[in-house]
Amino acid sequence: MLVWAVTLPFDRNGRVLHLYSCFWAQLYFYVNPLWHLKVDGREHLPWRGPAVLVSNHESLGDILVLFGLYRPFKWVSKASNFKLPLIGWNMRLNRYVPLVRGDKTSIMKMMADCEYWLSRGVPILMFPEGTRSEDGVVKPFKDGAFALALKQRCPIIPVVLTGTARTLPKHGLVLETTARCHVQVMPPVDPSGFTDVASLREHVRNLIVSEKARIEALTPGA
């Protein structure tokens with residue numbers, strides 16, 4: 001609340017509060033010597049300017065890990081998360097974007113909110129699978145992120161996560177004692193070379209699947 005109140009007059013897009021939230025989330029890694037996080041390719045992320053970040057999704061731990069990007073963006077997250085104590089309050093102050101899965105009205109509102117932030121030069125981050133993978137296999141992607149990129153003519157930035165399922169599995173209730181998490185930010189994809197949402201969607205999904213397989217082959221057990 002203090003960071004929000006102090007920075008609001010000069011930081012209308014909430015960049016400072018978001019970066020503070022990044023630090024807050026990273027405390028889980030800083031204080032736990034058995035959790036390790038490696039981030040590669042951070043130079044592909046913009047400090048300013050619209051972009052749509054898309055990541056595979058394996059665990060609730062993905063949220064902690066992706067805050068480690070330390071770059072401004074607005075999360076798209078399921079609406080129920082905004083009701084959680086502390087975390088939900090933080091999400092509301094950050095003006096992240098809520099979504100009720102399967103609700104057409106909520107989906108339309110989410111898309112409008114994302115267009116608003118992109119028009120202000122603030123990137124957004126989405127999980128195009130829509131839900132966490134139970135077995136680590138990348139699920140089919142939904143259209144939303146790619147439709148936004150085409151409409152707003154802004155780059156798609158693929159982000160690949162490995163090792164995060166070991167933090168908190170989909171149906172798990174206990175944090176794993178050890179985890180080696182890796183975030184690989186890939187070069188931006190220019191949507192202008194694609195004529196439709198489906199071709200852009202499948203191109204980006206193939207990039208993520210291939211890069212994930214490459215990383216896991218180099219780091220067995222990831």
# chains A, B, ... in the order shown; residues from 1 in each chain; ligands from 1
call {"tool": "residues_around", "arguments": {"residues": "A:Arg101", "least_positions_apart": "4", "cutoff": "10 Å", "atoms": "only C-alpha atoms", "output": "list in words"}}
result
Ser77, Lys78, Ala79, Ser106, Ile107, Gly130 and Thr131 of chain A
call {"tool": "residues_around", "arguments": {"residues": "A:Arg48", "least_positions_apart": "4", "cutoff": "8 Å", "atoms": "only C-alpha atoms", "output": "count of residues only"}}
result
4
call {"tool": "residues_around", "arguments": {"residues": "A:Phe23", "least_positions_apart": "6", "cutoff": "10 Å", "atoms": "only C-alpha atoms", "output": "count of residues only"}}
result
6
call {"tool": "closest_atom_pairs", "arguments": {"of": "stretch 127-149 of chain A", "to": "stretch 179-201 of chain A", "cutoff": "10 Å", "atoms": "only C-alpha atoms", "output": "CSV"}}
result
residue,atom,partner,partner_atom,distance
A:Pro128,CA,A:Arg201,CA,9.1
A:Pro140,CA,A:Arg201,CA,9.4
A:Phe141,CA,A:Arg201,CA,6.9
A:Lys142,CA,A:Arg201,CA,7.9
A:Asp143,CA,A:Val197,CA,6.6
A:Gly144,CA,A:Val197,CA,8.8
A:Ala145,CA,A:Arg201,CA,8.4
A:Phe146,CA,A:Val197,CA,5.8
A:Ala147,CA,A:Val197,CA,5.7
A:Leu148,CA,A:Val197,CA,9.2
A:Ala149,CA,A:Pro191,CA,6.6
call {"tool": "select_by_dssp", "arguments": {"residues": "stretch 84-159 of chain A", "states": "strand (DSSP E or B)", "output": "PyMOL selection string"}}
result
chain A and resi 97-99+124-126+156-159
call {"tool": "atom_distance", "arguments": {"atom1": "atom CA of A:Pro158", "atom2": "atom CA of A:Ser21"}}
result
21.9 Å
call {"tool": "closest_residue", "arguments": {"among": "A:Ala165, A:Val6, A:Val65, A:Val97", "to": "A:Phe82", "atoms": "only C-alpha atoms"}}
result
A:Val97
call {"tool": "select_by_dssp", "arguments": {"residues": "stretch 20-181 of chain A", "states": "alpha helix (DSSP H)", "output": "count of residues only"}}
result
49
call {"tool": "atom_distance", "arguments": {"atom1": "atom CA of A:Val52", "atom2": "atom CA of A:Cys154"}}
result
7.2 Å
call {"tool": "atom_distance", "arguments": {"atom1": "atom CA of A:Glu211", "atom2": "atom CA of A:Lys38"}}
result
15.2 Å
call {"tool": "closest_residue", "arguments": {"among": "A:Val54, A:Asn32, A:Trp75, A:Gln26", "to": "A:Asp113", "atoms": "only C-alpha atoms"}}
result
A:Trp75
call {"tool": "residues_around", "arguments": {"residues": "A:Thr7", "least_positions_apart": "2", "cutoff": "12 Å", "atoms": "only C-alpha atoms", "output": "short mmCIF file (atom, residue, chain, number, x, y, z; two decimals) with all heavy atoms, in the first residue's frame"}}
result
data_model
loop_
_atom_site.label_atom_id
_atom_site.label_comp_id
_atom_site.auth_asym_id
_atom_site.auth_seq_id
_atom_site.Cartn_x
_atom_site.Cartn_y
_atom_site.Cartn_z
N MET A 1 0.82 -1.20 0.00
CA MET A 1 0.00 0.00 0.00
C MET A 1 0.86 1.26 0.00
O MET A 1 0.56 2.23 -0.70
CB MET A 1 -0.92 0.00 1.23
CG MET A 1 -2.09 -0.94 1.14
SD MET A 1 -3.33 -0.40 -0.08
CE MET A 1 -3.90 1.10 0.69
N LEU A 2 1.94 1.23 0.79
CA LEU A 2 2.82 2.39 0.86
C LEU A 2 3.48 2.67 -0.48
O LEU A 2 3.50 3.82 -0.95
CB LEU A 2 3.88 2.18 1.94
CG LEU A 2 4.90 3.32 2.12
CD1 LEU A 2 4.18 4.61 2.51
CD2 LEU A 2 5.95 2.94 3.17
N VAL A 3 4.02 1.63 -1.12
CA VAL A 3 4.65 1.80 -2.44
C VAL A 3 3.63 2.32 -3.44
O VAL A 3 3.92 3.23 -4.24
CB VAL A 3 5.26 0.47 -2.93
CG1 VAL A 3 5.79 0.60 -4.35
CG2 VAL A 3 6.37 0.02 -2.00
N TRP A 4 2.42 1.76 -3.42
CA TRP A 4 1.36 2.21 -4.33
C TRP A 4 1.03 3.67 -4.12
O TRP A 4 0.97 4.46 -5.08
CB TRP A 4 0.12 1.34 -4.11
CG TRP A 4 -1.09 1.82 -4.86
CD1 TRP A 4 -1.38 1.61 -6.17
CD2 TRP A 4 -2.18 2.59 -4.32
NE1 TRP A 4 -2.59 2.20 -6.49
CE2 TRP A 4 -3.09 2.81 -5.37
CE3 TRP A 4 -2.46 3.09 -3.05
CZ2 TRP A 4 -4.27 3.52 -5.19
CZ3 TRP A 4 -3.64 3.81 -2.86
CH2 TRP A 4 -4.52 4.01 -3.93
N ALA A 5 0.86 4.08 -2.86
CA ALA A 5 0.45 5.45 -2.55
C ALA A 5 1.54 6.46 -2.92
O ALA A 5 1.24 7.53 -3.45
CB ALA A 5 0.11 5.57 -1.06
N PRO A 9 1.23 9.02 -8.06
CA PRO A 9 1.17 10.31 -8.76
C PRO A 9 2.08 10.42 -9.98
O PRO A 9 1.76 11.14 -10.92
CB PRO A 9 1.60 11.31 -7.66
CG PRO A 9 1.25 10.63 -6.37
CD PRO A 9 1.54 9.18 -6.63
N PHE A 10 3.22 9.73 -9.97
CA PHE A 10 4.16 9.87 -11.09
C PHE A 10 4.33 8.56 -11.89
O PHE A 10 5.06 8.54 -12.87
CB PHE A 10 5.54 10.33 -10.59
CG PHE A 10 6.23 9.36 -9.66
CD1 PHE A 10 7.04 8.34 -10.17
CD2 PHE A 10 6.07 9.46 -8.30
CE1 PHE A 10 7.68 7.45 -9.33
CE2 PHE A 10 6.71 8.57 -7.44
CZ PHE A 10 7.52 7.56 -7.96
N ASP A 11 3.66 7.51 -11.48
CA ASP A 11 3.83 6.20 -12.13
C ASP A 11 2.45 5.61 -12.40
O ASP A 11 2.05 4.64 -11.78
CB ASP A 11 4.68 5.28 -11.24
CG ASP A 11 4.99 3.94 -11.90
OD1 ASP A 11 5.02 3.88 -13.15
OD2 ASP A 11 5.18 2.95 -11.17
N ARG A 12 1.74 6.21 -13.35
CA ARG A 12 0.35 5.83 -13.58
C ARG A 12 0.20 4.43 -14.13
O ARG A 12 -0.88 3.84 -14.05
CB ARG A 12 -0.31 6.83 -14.54
CG ARG A 12 -0.25 8.27 -14.08
CD ARG A 12 -0.91 8.50 -12.75
NE ARG A 12 -2.35 8.29 -12.79
CZ ARG A 12 -3.17 8.47 -11.76
NH1 ARG A 12 -2.68 8.85 -10.59
NH2 ARG A 12 -4.45 8.25 -11.87
N ASN A 13 1.24 3.88 -14.71
CA ASN A 13 1.18 2.51 -15.22
C ASN A 13 1.60 1.46 -14.20
O ASN A 13 1.57 0.26 -14.49
CB ASN A 13 2.04 2.37 -16.48
CG ASN A 13 1.45 3.11 -17.67
OD1 ASN A 13 0.24 3.29 -17.76
ND2 ASN A 13 2.31 3.54 -18.59
N GLY A 14 2.01 1.90 -13.02
CA GLY A 14 2.32 0.95 -11.94
C GLY A 14 3.60 0.16 -12.14
O GLY A 14 3.72 -0.95 -11.60
N ARG A 15 4.57 0.71 -12.84
CA ARG A 15 5.81 -0.03 -13.09
C ARG A 15 6.60 -0.27 -11.81
O ARG A 15 7.14 -1.36 -11.59
CB ARG A 15 6.67 0.72 -14.11
CG ARG A 15 6.03 0.86 -15.49
CD ARG A 15 6.88 1.71 -16.43
NE ARG A 15 6.18 2.02 -17.67
CZ ARG A 15 6.19 1.24 -18.74
NH1 ARG A 15 6.88 0.11 -18.72
NH2 ARG A 15 5.53 1.58 -19.83
N VAL A 16 6.69 0.75 -10.97
CA VAL A 16 7.47 0.63 -9.74
C VAL A 16 6.85 -0.40 -8.81
O VAL A 16 7.55 -1.25 -8.23
CB VAL A 16 7.61 1.99 -9.03
CG1 VAL A 16 8.32 1.83 -7.68
CG2 VAL A 16 8.38 2.98 -9.91
N LEU A 17 5.53 -0.34 -8.64
CA LEU A 17 4.86 -1.31 -7.78
C LEU A 17 5.04 -2.73 -8.30
O LEU A 17 5.26 -3.67 -7.53
CB LEU A 17 3.36 -0.98 -7.68
CG LEU A 17 2.54 -1.93 -6.80
CD1 LEU A 17 3.05 -1.93 -5.36
CD2 LEU A 17 1.06 -1.54 -6.84
N HIS A 18 4.97 -2.90 -9.62
CA HIS A 18 5.18 -4.22 -10.20
C HIS A 18 6.60 -4.72 -9.91
O HIS A 18 6.80 -5.89 -9.54
CB HIS A 18 4.94 -4.20 -11.70
CG HIS A 18 5.31 -5.47 -12.39
ND1 HIS A 18 4.50 -6.59 -12.42
CD2 HIS A 18 6.43 -5.82 -13.07
CE1 HIS A 18 5.08 -7.56 -13.09
NE2 HIS A 18 6.26 -7.12 -13.51
N LEU A 19 7.59 -3.86 -10.07
CA LEU A 19 8.98 -4.27 -9.82
C LEU A 19 9.19 -4.59 -8.33
O LEU A 19 9.95 -5.50 -7.99
CB LEU A 19 9.95 -3.20 -10.29
CG LEU A 19 10.00 -3.02 -11.82
CD1 LEU A 19 10.87 -1.82 -12.18
CD2 LEU A 19 10.53 -4.28 -12.51
N TYR A 20 8.52 -3.85 -7.46
CA TYR A 20 8.57 -4.20 -6.04
C TYR A 20 7.95 -5.58 -5.82
O TYR A 20 8.47 -6.40 -5.04
CB TYR A 20 7.82 -3.16 -5.22
CG TYR A 20 7.64 -3.58 -3.77
CD1 TYR A 20 8.68 -3.49 -2.86
CD2 TYR A 20 6.43 -4.12 -3.34
CE1 TYR A 20 8.52 -3.91 -1.54
CE2 TYR A 20 6.26 -4.54 -2.03
CZ TYR A 20 7.30 -4.43 -1.13
OH TYR A 20 7.15 -4.86 0.15
N LEU A 93 -3.95 -3.91 -6.59
CA LEU A 93 -3.19 -2.67 -6.60
C LEU A 93 -2.36 -2.53 -7.87
O LEU A 93 -2.17 -1.43 -8.40
CB LEU A 93 -2.28 -2.61 -5.37
CG LEU A 93 -2.96 -2.38 -4.02
CD1 LEU A 93 -1.93 -2.45 -2.89
CD2 LEU A 93 -3.68 -1.04 -3.99
N ASN A 94 -1.86 -3.65 -8.36
CA ASN A 94 -1.06 -3.64 -9.59
C ASN A 94 -1.92 -3.51 -10.85
O ASN A 94 -1.38 -3.36 -11.94
CB ASN A 94 -0.23 -4.92 -9.69
CG ASN A 94 1.14 -4.78 -9.05
OD1 ASN A 94 1.98 -4.03 -9.53
ND2 ASN A 94 1.36 -5.52 -7.96
#
call {"tool": "closest_residue", "arguments": {"among": "A:Ser210, A:Thr219, A:Ser119, A:Ser80", "to": "A:Gly49", "atoms": "only C-alpha atoms"}}
result
A:Ser119
call {"tool": "closest_residue", "arguments": {"among": "A:Met126, A:Met110, A:Leu34, A:Leu207", "to": "A:His57", "atoms": "only C-alpha atoms"}}
result
A:Met126
call {"tool": "closest_residue", "arguments": {"among": "A:Val39, A:Leu86, A:Val76, A:Val160", "to": "A:Ala213", "atoms": "only C-alpha atoms"}}
result
A:Val160
